[in-house]
$ cat data03.csv   # CSV, C-alpha atoms and all ligand atoms
chain,number,residue,atom,x,y,z
Y,1,MET,CA,38.7,-16.4,-30.5
Y,2,ALA,CA,35.9,-16.4,-32.9
Y,3,ILE,CA,35.8,-19.3,-35.3
Y,4,ILE,CA,32.7,-20.5,-37.1
Y,5,GLU,CA,33.1,-24.2,-37.0
Y,6,LYS,CA,29.8,-25.1,-38.7
Y,7,LEU,CA,27.4,-23.0,-40.7
Y,8,HIS,CA,23.9,-23.9,-41.8
Y,9,ILE,CA,21.9,-21.3,-43.7
Y,10,LEU,CA,18.4,-22.8,-43.8
Y,11,ARG,CA,16.8,-19.8,-45.3
Y,12,PHE,CA,18.3,-16.4,-46.2
Y,13,ARG,CA,17.6,-14.6,-49.5
Y,14,ASN,CA,18.5,-17.1,-52.3
Y,15,LEU,CA,20.4,-19.4,-50.0
Y,16,ASP,CA,18.3,-22.5,-49.1
Y,17,ASN,CA,19.5,-25.3,-46.8
Y,18,GLN,CA,23.3,-24.7,-47.4
Y,19,TYR,CA,25.6,-26.3,-44.9
Y,20,LEU,CA,29.4,-25.9,-44.6
Y,21,GLU,CA,32.2,-26.6,-42.2
Y,22,PRO,CA,34.3,-23.6,-42.8
Y,23,ASN,CA,38.1,-23.6,-42.9
Y,24,THR,CA,39.5,-21.9,-39.8
Y,25,ASN,CA,41.7,-19.8,-42.1
Y,26,ILE,CA,40.5,-18.7,-45.5
Y,27,ASN,CA,37.1,-19.5,-47.1
Y,28,LEU,CA,36.9,-18.2,-50.7
Y,29,PHE,CA,33.6,-18.3,-52.5
Y,30,ILE,CA,33.7,-17.9,-56.3
Y,31,GLY,CA,30.6,-17.2,-58.4
Y,32,GLY,CA,29.3,-15.1,-61.2
Y,33,ASN,CA,27.0,-12.1,-60.8
Y,34,GLY,CA,23.8,-12.6,-59.0
Y,35,GLN,CA,24.6,-16.1,-57.7
Y,36,GLY,CA,24.5,-15.3,-54.0
Y,37,LYS,CA,28.0,-14.2,-52.9
Y,38,THR,CA,26.9,-11.0,-51.2
Y,39,ASN,CA,23.9,-12.9,-49.8
Y,40,LEU,CA,26.3,-15.3,-48.1
Y,41,ILE,CA,28.4,-12.4,-46.7
Y,42,GLU,CA,25.2,-10.7,-45.6
Y,43,ALA,CA,23.9,-13.9,-43.9
Y,44,LEU,CA,27.1,-14.1,-41.8
Y,45,TYR,CA,26.9,-10.5,-40.9
Y,46,TYR,CA,23.2,-11.0,-40.0
Y,47,LEU,CA,24.0,-13.8,-37.7
Y,48,GLY,CA,26.5,-11.6,-35.9
Y,49,HIS,CA,24.2,-8.6,-35.6
Y,50,ASN,CA,20.6,-9.7,-36.1
Y,51,ARG,CA,20.4,-7.1,-38.8
Y,52,SER,CA,21.6,-6.4,-42.3
Y,53,PHE,CA,24.1,-3.9,-43.6
Y,54,LYS,CA,22.1,-3.6,-46.8
Y,55,SER,CA,18.5,-3.3,-45.8
Y,56,LYS,CA,16.4,-2.3,-42.8
Y,57,ASN,CA,13.5,-4.3,-44.0
Y,58,ILE,CA,13.3,-8.0,-42.9
Y,59,LYS,CA,11.1,-8.7,-46.0
Y,60,ASP,CA,14.2,-8.1,-48.2
Y,61,VAL,CA,16.2,-10.8,-46.6
Y,62,VAL,CA,13.5,-13.5,-46.0
Y,63,PRO,CA,13.5,-15.7,-49.1
Y,64,PHE,CA,10.8,-14.8,-51.7
Y,65,GLU,CA,7.5,-16.3,-50.8
Y,66,LYS,CA,8.7,-17.6,-47.4
Y,67,GLU,CA,7.8,-16.4,-43.9
Y,68,PHE,CA,11.1,-16.5,-42.0
Y,69,LEU,CA,14.8,-16.6,-42.2
Y,70,GLN,CA,16.9,-19.0,-40.3
Y,71,ILE,CA,20.7,-19.4,-39.8
Y,72,ASP,CA,22.5,-21.6,-37.3
Y,73,ALA,CA,26.1,-22.1,-36.6
Y,74,VAL,CA,28.6,-23.5,-34.2
Y,75,VAL,CA,30.9,-20.7,-33.1
Y,76,ASP,CA,33.6,-21.4,-30.5
Y,77,ASP,CA,31.6,-24.4,-29.4
Y,78,VAL,CA,28.4,-22.4,-28.9
Y,79,ARG,CA,25.4,-23.6,-30.9
Y,80,VAL,CA,23.8,-20.4,-32.2
Y,81,LEU,CA,20.4,-20.2,-33.9
Y,82,LEU,CA,18.7,-17.2,-35.3
Y,83,LYS,CA,15.2,-17.5,-36.6
Y,84,LYS,CA,13.3,-14.4,-37.6
Y,85,SER,CA,10.0,-13.4,-39.2
Y,86,LYS,CA,8.2,-10.2,-39.4
Y,87,ASN,CA,6.7,-10.6,-35.9
Y,88,LYS,CA,8.9,-13.0,-34.2
Y,89,ASN,CA,12.6,-13.1,-33.3
Y,90,THR,CA,14.3,-16.0,-31.7
Y,91,ILE,CA,18.0,-16.2,-30.8
Y,92,LEU,CA,19.2,-19.4,-29.1
Y,93,PHE,CA,22.6,-20.2,-27.6
Y,94,ASN,CA,22.8,-23.9,-26.9
Y,95,GLN,CA,19.0,-24.0,-27.1
Y,96,GLN,CA,18.7,-21.3,-24.4
Y,97,LYS,CA,16.9,-18.1,-25.3
Y,98,VAL,CA,19.0,-15.0,-25.6
Y,99,SER,CA,17.3,-11.7,-25.4
Y,100,SER,CA,20.0,-9.3,-26.6
Y,101,ASN,CA,21.6,-8.9,-30.0
Y,102,SER,CA,24.7,-7.7,-28.3
Y,103,ARG,CA,25.3,-11.4,-27.2
Y,104,LEU,CA,25.6,-12.2,-30.9
Y,105,THR,CA,28.0,-9.3,-31.5
Y,106,HIS,CA,30.1,-10.3,-28.6
Y,107,LEU,CA,30.3,-13.9,-29.7
Y,108,MET,CA,31.0,-13.0,-33.3
Y,109,PRO,CA,33.0,-9.8,-33.7
Y,110,ILE,CA,32.6,-9.3,-37.4
Y,111,GLN,CA,34.6,-6.9,-39.4
Y,112,ILE,CA,33.2,-6.5,-42.9
Y,113,ILE,CA,34.8,-5.0,-46.0
Y,114,SER,CA,32.2,-4.5,-48.7
Y,115,PRO,CA,31.5,-1.9,-51.3
Y,116,ASP,CA,27.8,-2.3,-50.3
Y,117,ARG,CA,28.5,-1.0,-46.9
Y,118,GLY,CA,30.5,2.0,-48.2
Y,119,PHE,CA,34.0,3.1,-47.2
Y,120,VAL,CA,34.9,4.7,-43.9
Y,121,VAL,CA,37.5,7.1,-45.4
Y,122,GLY,CA,35.7,9.8,-47.3
Y,123,GLY,CA,32.4,8.1,-46.1
Y,124,PRO,CA,29.4,9.4,-44.2
Y,125,PRO,CA,29.7,10.2,-40.4
Y,126,LYS,CA,27.2,7.5,-39.7
Y,127,LEU,CA,29.5,4.8,-41.1
Y,128,LYS,CA,32.4,6.4,-39.2
Y,129,ARG,CA,30.5,6.3,-35.9
Y,130,SER,CA,29.7,2.6,-36.6
Y,131,TYR,CA,33.4,1.9,-37.2
Y,132,LEU,CA,34.3,3.7,-34.0
Y,133,ASP,CA,31.6,2.2,-31.8
Y,134,TRP,CA,32.2,-1.3,-33.1
Y,135,GLY,CA,35.7,-1.0,-31.6
Y,136,VAL,CA,34.5,0.7,-28.5
Y,137,PHE,CA,31.9,-2.0,-27.9
Y,138,HIS,CA,34.5,-4.8,-28.2
Y,139,VAL,CA,36.9,-3.1,-25.9
Y,140,LYS,CA,34.3,-1.9,-23.4
Y,141,PRO,CA,31.1,-3.9,-23.7
Y,142,ASP,CA,29.6,-2.3,-20.6
Y,143,LEU,CA,29.3,1.0,-22.4
Y,144,LEU,CA,26.4,-0.4,-24.4
Y,145,LYS,CA,24.1,0.6,-21.5
Y,146,THR,CA,25.4,4.1,-21.7
Y,147,TYR,CA,24.6,4.3,-25.4
Y,148,LYS,CA,21.1,3.1,-24.8
Y,149,SER,CA,20.5,5.6,-22.1
Y,150,TYR,CA,21.9,8.3,-24.2
Y,151,ASN,CA,19.6,7.5,-27.1
Y,152,LYS,CA,16.7,7.5,-24.8
Y,153,ALA,CA,17.6,10.9,-23.4
Y,154,LEU,CA,18.1,12.3,-26.8
Y,155,LYS,CA,14.8,11.0,-28.0
Y,156,ASN,CA,13.0,12.6,-25.0
Y,157,ILE,CA,14.8,15.9,-25.6
Y,158,ASN,CA,13.8,15.9,-29.2
Y,159,THR,CA,10.2,15.2,-28.3
Y,160,LEU,CA,10.2,17.9,-25.7
Y,161,LEU,CA,11.7,20.4,-28.2
Y,162,THR,CA,9.2,19.4,-30.9
Y,163,ASN,CA,6.3,20.0,-28.4
Y,164,ASN,CA,7.7,23.2,-27.1
Y,165,ASN,CA,7.6,21.6,-23.6
Y,166,THR,CA,10.5,23.1,-21.6
Y,167,LYS,CA,9.4,21.8,-18.2
Y,168,GLN,CA,11.4,18.5,-18.1
Y,169,LEU,CA,14.0,19.7,-20.5
Y,170,ASP,CA,16.6,20.6,-17.9
Y,171,TYR,CA,16.4,17.2,-16.3
Y,172,TRP,CA,17.2,15.5,-19.6
Y,173,LEU,CA,19.9,18.0,-20.5
Y,174,ILE,CA,21.8,17.0,-17.3
Y,175,GLN,CA,21.4,13.4,-18.3
Y,176,ILE,CA,22.8,14.0,-21.8
Y,177,ALA,CA,25.7,16.0,-20.4
Y,178,THR,CA,26.7,13.1,-18.0
Y,179,LEU,CA,26.2,10.3,-20.6
Y,180,SER,CA,27.9,12.3,-23.3
Y,181,VAL,CA,31.1,12.5,-21.2
Y,182,GLU,CA,31.2,8.8,-20.7
Y,183,ILE,CA,30.7,8.1,-24.5
Y,184,SER,CA,33.2,10.8,-25.7
Y,185,SER,CA,35.9,9.7,-23.2
Y,186,ALA,CA,35.6,6.1,-24.2
Y,187,ARG,CA,35.7,7.0,-27.9
Y,188,ALA,CA,38.7,9.3,-27.4
Y,189,ASP,CA,40.4,6.6,-25.4
Y,190,TYR,CA,39.8,4.1,-28.2
Y,191,ILE,CA,41.1,6.5,-30.9
Y,192,GLN,CA,44.3,6.8,-28.8
Y,193,LYS,CA,44.7,3.1,-28.7
Y,194,LEU,CA,44.2,2.8,-32.4
Y,195,LYS,CA,46.9,5.4,-33.0
Y,196,LYS,CA,49.3,3.5,-30.8
Y,197,THR,CA,48.5,0.3,-32.9
Y,198,LEU,CA,49.1,2.2,-36.1
Y,199,LYS,CA,52.7,3.0,-34.9
Y,200,LYS,CA,53.5,-0.6,-34.1
Y,201,PRO,CA,56.0,-2.4,-36.2
Y,202,GLN,CA,53.6,-5.4,-36.7
Y,203,PHE,CA,51.4,-3.0,-38.7
Y,204,GLY,CA,54.2,-1.9,-40.9
Y,205,PRO,CA,53.7,-4.4,-43.7
Y,206,LEU,CA,50.2,-3.2,-44.3
Y,207,LYS,CA,51.4,0.3,-45.1
Y,208,GLU,CA,52.6,-1.3,-48.4
Y,209,LEU,CA,48.9,-1.2,-49.4
Y,210,ILE,CA,49.5,2.4,-50.3
Y,211,LYS,CA,52.9,2.7,-51.7
Y,212,GLN,CA,54.4,6.2,-51.1
Y,213,ASN,CA,56.2,7.7,-48.3
Y,214,ASN,CA,53.1,8.0,-46.2
Y,215,LYS,CA,51.8,9.9,-43.3
Y,216,PHE,CA,48.5,8.6,-41.8
Y,217,ASP,CA,46.5,10.6,-39.4
Y,218,PHE,CA,43.0,10.8,-38.0
Y,219,HIS,CA,41.1,12.7,-35.4
Y,220,LEU,CA,37.9,12.3,-33.4
Y,221,GLN,CA,35.3,15.0,-33.7
Y,222,THR,CA,33.2,14.5,-30.6
Y,223,GLY,CA,30.1,16.1,-31.9
Y,224,TRP,CA,30.3,19.2,-29.7
Y,225,THR,CA,31.6,22.6,-30.8
Y,226,LYS,CA,35.2,23.5,-30.2
Y,227,ASP,CA,34.5,25.7,-27.2
Y,228,THR,CA,33.0,22.9,-25.2
Y,229,ASN,CA,35.2,20.5,-23.3
Y,230,HIS,CA,33.9,17.0,-24.2
Y,231,ILE,CA,35.2,15.4,-21.0
Y,232,ASP,CA,33.7,18.1,-18.7
Y,233,GLN,CA,30.0,17.6,-17.8
Y,234,GLU,CA,29.8,21.2,-16.5
Y,235,SER,CA,31.1,22.7,-19.7
Y,236,ILE,CA,28.6,20.7,-21.8
Y,237,TYR,CA,25.7,21.4,-19.5
Y,238,LYS,CA,26.4,25.2,-19.6
Y,239,TYR,CA,26.6,25.0,-23.4
Y,240,LEU,CA,23.3,23.2,-23.6
Y,241,ILE,CA,21.5,25.7,-21.3
Y,242,LYS,CA,23.0,28.7,-23.2
Y,243,ASN,CA,21.8,27.3,-26.6
Y,244,ARG,CA,18.4,26.0,-25.5
Y,245,GLY,CA,16.7,28.7,-27.6
Y,246,SER,CA,18.4,27.6,-30.8
Y,247,PHE,CA,17.7,23.9,-30.2
Y,248,ALA,CA,14.0,24.9,-29.6
Y,249,LYS,CA,13.9,26.6,-33.0
Y,250,LEU,CA,15.4,23.6,-34.7
Y,251,LYS,CA,13.2,21.3,-32.7
Y,252,HIS,CA,16.1,18.9,-32.1
Y,253,LEU,CA,19.5,18.7,-30.5
Y,254,ASN,CA,22.0,19.0,-33.3
Y,255,TYR,CA,25.2,18.6,-31.2
Y,256,GLY,CA,26.5,15.7,-29.1
Y,257,PRO,CA,28.0,12.2,-29.5
Y,258,HIS,CA,25.2,11.2,-32.0
Y,259,LYS,CA,26.9,13.7,-34.4
Y,260,ALA,CA,30.5,12.6,-33.8
Y,261,THR,CA,32.8,11.7,-36.7
Y,262,ILE,CA,36.4,10.9,-37.5
Y,263,ASP,CA,38.4,13.0,-39.9
Y,264,TYR,CA,41.1,11.2,-41.8
Y,265,TYR,CA,44.2,12.7,-43.3
Y,266,PHE,CA,46.7,11.2,-45.7
Y,267,ASN,CA,50.0,13.0,-46.3
Y,268,ASN,CA,48.4,16.0,-44.6
Y,269,GLN,CA,45.6,16.0,-47.1
Y,270,ASN,CA,42.0,15.9,-45.9
Y,271,GLU,CA,40.2,12.6,-46.9
Y,272,GLN,CA,37.8,14.6,-49.2
Y,273,HIS,CA,40.7,15.5,-51.5
Y,274,LEU,CA,41.8,11.9,-52.0
Y,275,SER,CA,40.8,9.9,-55.1
Y,276,ARG,CA,38.1,7.2,-54.8
Y,277,GLY,CA,40.8,4.5,-55.1
Y,278,GLU,CA,42.9,6.0,-52.3
Y,279,GLN,CA,39.8,6.3,-50.1
Y,280,LYS,CA,39.0,2.6,-50.7
Y,281,LYS,CA,42.5,1.4,-49.9
Y,282,LEU,CA,42.7,3.6,-46.8
Y,283,SER,CA,39.4,2.3,-45.6
Y,284,ILE,CA,40.6,-1.3,-45.9
Y,285,PHE,CA,43.8,-0.3,-44.1
Y,286,TYR,CA,41.8,1.2,-41.2
Y,287,TRP,CA,39.5,-1.7,-41.0
Y,288,ILE,CA,42.4,-4.1,-40.7
Y,289,LEU,CA,44.1,-1.8,-38.2
Y,290,GLN,CA,41.0,-2.4,-36.0
Y,291,VAL,CA,41.4,-6.1,-36.5
Y,292,LEU,CA,45.0,-6.0,-35.3
Y,293,MET,CA,44.1,-3.9,-32.3
Y,294,LEU,CA,41.4,-6.4,-31.2
Y,295,VAL,CA,43.7,-9.4,-31.8
Y,296,GLU,CA,46.2,-7.8,-29.5
Y,297,LEU,CA,43.5,-7.6,-26.9
Y,298,ASN,CA,42.8,-11.3,-27.4
Y,299,ILE,CA,39.6,-10.7,-29.3
Y,300,LYS,CA,39.7,-12.4,-32.7
Y,301,PRO,CA,37.3,-10.9,-35.2
Y,302,ILE,CA,35.9,-12.8,-38.2
Y,303,VAL,CA,36.7,-10.9,-41.4
Y,304,LEU,CA,34.3,-10.7,-44.3
Y,305,ILE,CA,35.5,-9.4,-47.6
Y,306,ASP,CA,33.0,-9.1,-50.5
Y,307,ASP,CA,34.2,-9.0,-54.1
Y,308,ILE,CA,37.8,-9.1,-53.1
Y,309,SER,CA,39.3,-8.5,-56.6
Y,310,SER,CA,37.1,-5.6,-57.4
Y,311,GLU,CA,38.8,-3.7,-54.7
Y,312,LEU,CA,42.3,-5.1,-54.9
Y,313,ASP,CA,44.9,-6.5,-57.3
Y,314,GLN,CA,46.6,-9.9,-56.7
Y,315,GLU,CA,49.6,-8.3,-54.9
Y,316,LYS,CA,47.4,-6.4,-52.5
Y,317,ILE,CA,45.1,-9.4,-51.9
Y,318,ASP,CA,48.2,-11.5,-51.0
Y,319,LEU,CA,49.4,-8.8,-48.7
Y,320,ILE,CA,46.0,-8.6,-46.9
Y,321,LEU,CA,45.4,-12.3,-46.7
Y,322,GLY,CA,48.9,-12.9,-45.6
Y,323,PHE,CA,48.6,-10.3,-42.9
Y,324,LEU,CA,45.3,-11.7,-41.6
Y,325,ILE,CA,46.5,-15.3,-41.7
Y,326,LYS,CA,49.4,-14.3,-39.4
Y,327,LEU,CA,46.8,-12.9,-37.0
Y,328,GLU,CA,45.0,-16.3,-37.2
Y,329,VAL,CA,41.6,-14.8,-37.9
Y,330,GLN,CA,39.0,-16.6,-39.9
Y,331,ILE,CA,38.3,-15.1,-43.3
Y,332,PHE,CA,35.3,-15.3,-45.6
Y,333,ALA,CA,35.9,-13.7,-49.0
Y,334,THR,CA,34.1,-13.8,-52.3
Y,335,ASP,CA,35.2,-13.2,-55.8
Y,336,ILE,CA,33.7,-13.2,-59.2
Y,337,GLY,CA,36.6,-15.4,-60.5
Y,338,ASN,CA,37.5,-13.4,-63.7
Y,339,LYS,CA,41.1,-13.6,-62.9
Y,340,PRO,CA,42.4,-16.7,-61.1
Y,341,LEU,CA,43.4,-15.9,-57.6
Y,342,SER,CA,46.3,-17.7,-56.1
Y,343,VAL,CA,45.6,-18.7,-52.5
Y,344,ASP,CA,47.6,-21.3,-50.7
Y,345,LYS,CA,45.4,-24.4,-50.7
Y,346,LYS,CA,46.9,-25.6,-47.5
Y,347,ILE,CA,45.2,-22.8,-45.6
Y,348,ALA,CA,42.2,-22.2,-47.8
Y,349,THR,CA,38.9,-23.8,-48.8
Y,350,ILE,CA,37.5,-22.8,-52.2
Y,351,TYR,CA,33.8,-23.0,-52.9
Y,352,GLN,CA,31.8,-22.4,-56.0
Y,353,ILE,CA,28.5,-20.7,-55.6
Y,354,ASP,CA,25.8,-20.9,-58.3
Y,355,LYS,CA,22.2,-20.0,-57.9
Y,356,GLY,CA,22.6,-20.1,-54.1
Y,357,ILE,CA,24.1,-23.5,-54.1
Y,358,ILE,CA,27.5,-23.7,-52.5
Y,359,VAL,CA,29.8,-26.6,-53.5
Y,360,LYS,CA,33.3,-27.2,-52.2
Y,361,LYS,CA,35.9,-27.3,-55.0
A,1,LIG,N1,14.7,-12.2,-50.5
A,1,LIG,C1,15.2,-13.0,-51.5
A,1,LIG,N2,14.8,-14.2,-51.8
A,1,LIG,C2,15.3,-14.9,-52.8
A,1,LIG,N3,16.2,-14.5,-53.6
A,1,LIG,C3,16.7,-13.3,-53.4
A,1,LIG,C4,16.3,-12.4,-52.4
A,1,LIG,N4,16.9,-11.3,-52.4
A,1,LIG,C5,17.8,-11.4,-53.4
A,1,LIG,N5,17.7,-12.6,-54.0
A,1,LIG,C6,18.4,-13.1,-55.2
A,1,LIG,O1,19.8,-13.1,-54.9
A,1,LIG,C7,20.5,-12.9,-56.1
A,1,LIG,C8,21.6,-11.8,-55.9
A,1,LIG,O2,22.5,-12.4,-55.0
A,1,LIG,P1,23.8,-11.6,-54.6
A,1,LIG,O3,24.4,-12.3,-53.4
A,1,LIG,O4,23.6,-10.2,-54.5
A,1,LIG,O5,24.7,-11.9,-55.9
A,1,LIG,P2,26.3,-11.7,-56.1
A,1,LIG,O6,26.8,-13.1,-56.2
A,1,LIG,O7,26.4,-11.0,-57.4
A,1,LIG,O8,26.8,-11.0,-54.9
A,1,LIG,C9,19.5,-12.4,-57.2
A,1,LIG,O9,19.3,-13.5,-58.0
A,1,LIG,C10,18.3,-12.1,-56.4
A,1,LIG,O10,17.1,-12.4,-57.1
A,2,MG,MG,27.7,-9.2,-54.8
$ encode --input "data03.csv" --output "structure tokens" --more "lines below"
Ligand SMILES: Nc1ncnc2c1ncn2[C@@H]1O[C@H](COP(=O)(O)OP(=O)(O)O)[C@@H](O)[C@H]1O
Ligand SMILES: [Mg+2]
Amino acid sequence: MAIIEKLHILRFRNLDNQYLEPNTNINLFIGGNGQGKTNLIEALYYLGHNRSFKSKNIKDVVPFEKEFLQIDAVVDDVRVLLKKSKNKNTILFNQQKVSSNSRLTHLMPIQIISPDRGFVVGGPPKLKRSYLDWGVFHVKPDLLKTYKSYNKALKNINTLLTNNNTKQLDYWLIQIATLSVEISSARADYIQKLKKTLKKPQFGPLKELIKQNNKFDFHLQTGWTKDTNHIDQESIYKYLIKNRGSFAKLKHLNYGPHKATIDYYFNNQNEQHLSRGEQKKLSIFYWILQVLMLVELNIKPIVLIDDISSELDQEKIDLILGFLIKLEVQIFATDIGNKPLSVDKKIATIYQIDKGIIVKK
């Protein structure tokens, strides 16, 4: 389950001391441009990750002329508090210190749909990896250690290559080969699971998002060349040794899981040939596919949708909200309110947001 029962944004961008007891189903925030809608979505995301999807710099999200940000919430009966300044970072669960951000991510699996984050179909490999690894993390949390070790090994290799130091290189190349197999197999396994979910009848209604007789497909590119076997350590190690010279010239390792990506196809067309509109709709489609997959594994993500009607018309909004409601996931959506949106008041709370002040309508 993941339900935010209470939310208190003491300080985050233009949100100052805002408190809500969110609806367990739909929370819809209406407000004009520049009022704080994206800030609210970003604050929720921040609480689930201890970082932003918009900015790397803490200074951007701390309210102007203030020293720290602070958000607290009750999530599935756990009292969570995040307080952060330039030099200090505090995460508390029921007043006990927590040292790892992954505890936040685990407690609050957040799926975000926002034009500020970009779209996964037709999007950059980095976003695709983050899509992939979000799913992999929730299915196999233990793999986080492997990712950390991999990044460490990669960093060491790149330093050695930059300094032309070949002495310890072999040791780290062996490490990379081993860790890489673990990561690639988990990713490939996850992609297989997603494909199975795509074929399930429960997902059928969502295919209406893109009306045509459709064929959806996607493939994992593991980050290695085609002549290496990504699940065979030996094959990767041999490849690394053989190409040491070219890595040395480049001064970094340009193959491996850190270069993985997903290729999407729609009616046999590569994603790059699709229109912007199709890429957007397909991205939403694939984000929700992940939500369904996790729900079936008994993990209920919280879904954030920023500027809902800028991406979708009323019919599609109904389709998506209806689908998510059936999955019993909690939704936070924002809208500019140009066109009245019809949401069922029985399962939704509507708020107005003006100059950072949130009022229940
Ligand atoms: N660090 C900050 N401190 C205070 N206000 C901020 C900060 N960063 C952005 N803002 C303000 O937030 C507002 C934009 O909010 P945003 O959530 O992006 O609007 P929208 O409702 O259009 O999504 C602007 O008025 C901007 O000045
Ligand atoms: Mg916005």
$ atom_distance --input "data03.csv" --atom1 "atom CA of Gln272 of chain Y" --atom2 "atom CA of Phe218 of chain Y"
12.9 Å
$ closest_atom_pairs --input "data03.csv" --of "chain Y" --to "ligand LIG 1 (chain A)" --cutoff "7 Å" --atoms "only C-alpha atoms and all ligand atoms" --output "Markdown table"
| residue | atom | partner | partner_atom | distance |
| --- | --- | --- | --- | --- |
| Y:Phe12 | CA | A:LIG1 | N2 | 7.0 |
| Y:Arg13 | CA | A:LIG1 | C1 | 3.5 |
| Y:Asn14 | CA | A:LIG1 | N3 | 3.7 |
| Y:Gly31 | CA | A:LIG1 | O6 | 6.0 |
| Y:Gly32 | CA | A:LIG1 | O6 | 5.9 |
| Y:Asn33 | CA | A:LIG1 | O7 | 3.6 |
| Y:Gly34 | CA | A:LIG1 | O5 | 3.3 |
| Y:Gln35 | CA | A:LIG1 | O6 | 4.0 |
| Y:Gly36 | CA | A:LIG1 | O3 | 3.1 |
| Y:Lys37 | CA | A:LIG1 | O6 | 3.7 |
| Y:Thr38 | CA | A:LIG1 | O3 | 3.6 |
| Y:Asn39 | CA | A:LIG1 | O3 | 3.7 |
| Y:Leu40 | CA | A:LIG1 | O3 | 6.4 |
| Y:Lys59 | CA | A:LIG1 | N1 | 6.7 |
| Y:Asp60 | CA | A:LIG1 | N1 | 4.7 |
| Y:Val61 | CA | A:LIG1 | N1 | 4.4 |
| Y:Val62 | CA | A:LIG1 | N1 | 4.8 |
| Y:Pro63 | CA | A:LIG1 | N2 | 3.4 |
| Y:Phe64 | CA | A:LIG1 | N2 | 4.0 |
$ closest_residue --input "data03.csv" --among "Y:Ile305, Y:Leu240, Y:Leu107, Y:Leu312" --to "ligand MG 2 (chain A)" --atoms "only C-alpha atoms and all ligand atoms"
Y:Ile305
$ closest_residue --input "data03.csv" --among "Y:Ser114, Y:Gln352, Y:Asn165, Y:Thr146" --to "ligand MG 2 (chain A)" --atoms "all atoms listed in the file"
Y:Ser114
$ atom_distance --input "data03.csv" --atom1 "atom CA of Gln202 of chain Y" --atom2 "atom CA of Ile288 of chain Y"
12.0 Å
$ residues_around --input "data03.csv" --residues "Tyr150 of chain Y" --least-positions-apart "4" --cutoff "7 Å" --atoms "only C-alpha atoms" --output "PyMOL selection string"
chain Y and resi 146+154+176+179
$ write_last_selection --input "data03.csv" --atoms "C-alpha atoms" --output "mmCIF file, keeping the file's coordinate frame"
data_model
loop_
_atom_site.group_PDB
_atom_site.id
_atom_site.type_symbol
_atom_site.label_atom_id
_atom_site.label_comp_id
_atom_site.auth_asym_id
_atom_site.auth_seq_id
_atom_site.Cartn_x
_atom_site.Cartn_y
_atom_site.Cartn_z
ATOM 1 C CA THR Y 146 25.400 4.100 -21.700
ATOM 2 C CA LEU Y 154 18.100 12.300 -26.800
ATOM 3 C CA ILE Y 176 22.800 14.000 -21.800
ATOM 4 C CA LEU Y 179 26.200 10.300 -20.600
#
$ closest_residue --input "data03.csv" --among "Y:Phe68, Y:Phe332, Y:Phe29, Y:Tyr286" --to "Lys207 of chain Y" --atoms "all atoms listed in the file"
Y:Tyr286
$ atom_distance --input "data03.csv" --atom1 "atom CA of Lys211 of chain Y" --atom2 "atom CA of Phe119 of chain Y"
19.4 Å
$ closest_residue --input "data03.csv" --among "Y:Val291, Y:Ile30, Y:His106, Y:Val136" --to "Lys339 of chain Y" --atoms "only C-alpha atoms"
Y:Ile30
$ residues_around --input "data03.csv" --residues "Lys226 of chain Y" --least-positions-apart "6" --cutoff "12 Å" --atoms "all atoms listed in the file" --output "list of chain:residue names"
Y:Leu220, Y:Ser235, Y:Ile236, Y:Tyr239, Y:Tyr255, Y:Gly256
$ write_last_selection --input "data03.csv" --atoms "C-alpha atoms" --output "PDB file, keeping the file's coordinate frame"
ATOM      1  CA  LEU Y 220      37.900  12.300 -33.400  1.00  0.00           C
ATOM      2  CA  SER Y 235      31.100  22.700 -19.700  1.00  0.00           C
ATOM      3  CA  ILE Y 236      28.600  20.700 -21.800  1.00  0.00           C
ATOM      4  CA  TYR Y 239      26.600  25.000 -23.400  1.00  0.00           C
ATOM      5  CA  TYR Y 255      25.200  18.600 -31.200  1.00  0.00           C
ATOM      6  CA  GLY Y 256      26.500  15.700 -29.100  1.00  0.00           C
TER       7      GLY Y 256
END
$ closest_residue --input "data03.csv" --among "Y:Ile302, Y:Leu144, Y:Leu69, Y:Leu321" --to "Asp344 of chain Y" --atoms "only C-alpha atoms"
Y:Leu321
$ closest_residue --input "data03.csv" --among "Y:Leu327, Y:Ile41, Y:Ile26, Y:Ala177" --to "ligand MG 2 (chain A)" --atoms "all atoms listed in the file"
Y:Ile41
$ residues_near_point --input "data03.csv" --point "(34.8, -10.1, -41.7)" --cutoff "9 Å" --atoms "all atoms listed in the file" --output "list in words"
Ile41, Leu44, Tyr45, Pro109, Ile110, Gln111, Ile112, Ile113, Pro301, Ile302, Val303, Leu304, Ile305, Gln330, Ile331, Phe332 and Ala333 of chain Y
$ residues_around --input "data03.csv" --residues "Thr222 of chain Y" --least-positions-apart "4" --cutoff "8 Å" --atoms "only C-alpha atoms" --output "ChimeraX atom specification"
/Y:184,230,256-257,259-261
$ residues_around --input "data03.csv" --residues "Ile308 of chain Y" --least-positions-apart "6" --cutoff "8 Å" --atoms "only C-alpha atoms" --output "PyMOL selection string"
chain Y and resi 317+333-335
$ write_last_selection --input "data03.csv" --atoms "C-alpha atoms" --output "short mmCIF file (atom, residue, chain, number, x, y, z; two decimals), in the coordinates of the input"
data_model
loop_
_atom_site.label_atom_id
_atom_site.label_comp_id
_atom_site.auth_asym_id
_atom_site.auth_seq_id
_atom_site.Cartn_x
_atom_site.Cartn_y
_atom_site.Cartn_z
CA ILE Y 317 45.10 -9.40 -51.90
CA ALA Y 333 35.90 -13.70 -49.00
CA THR Y 334 34.10 -13.80 -52.30
CA ASP Y 335 35.20 -13.20 -55.80
#
$ residues_around --input "data03.csv" --residues "Asp72 of chain Y" --least-positions-apart "2" --cutoff "9 Å" --atoms "all atoms listed in the file" --output "list in words"
Lys6, Leu7, His8, Ile9, Leu10, Leu47, Gln70, Val74, Arg79, Val80, Leu81, Leu82 and Lys83 of chain Y
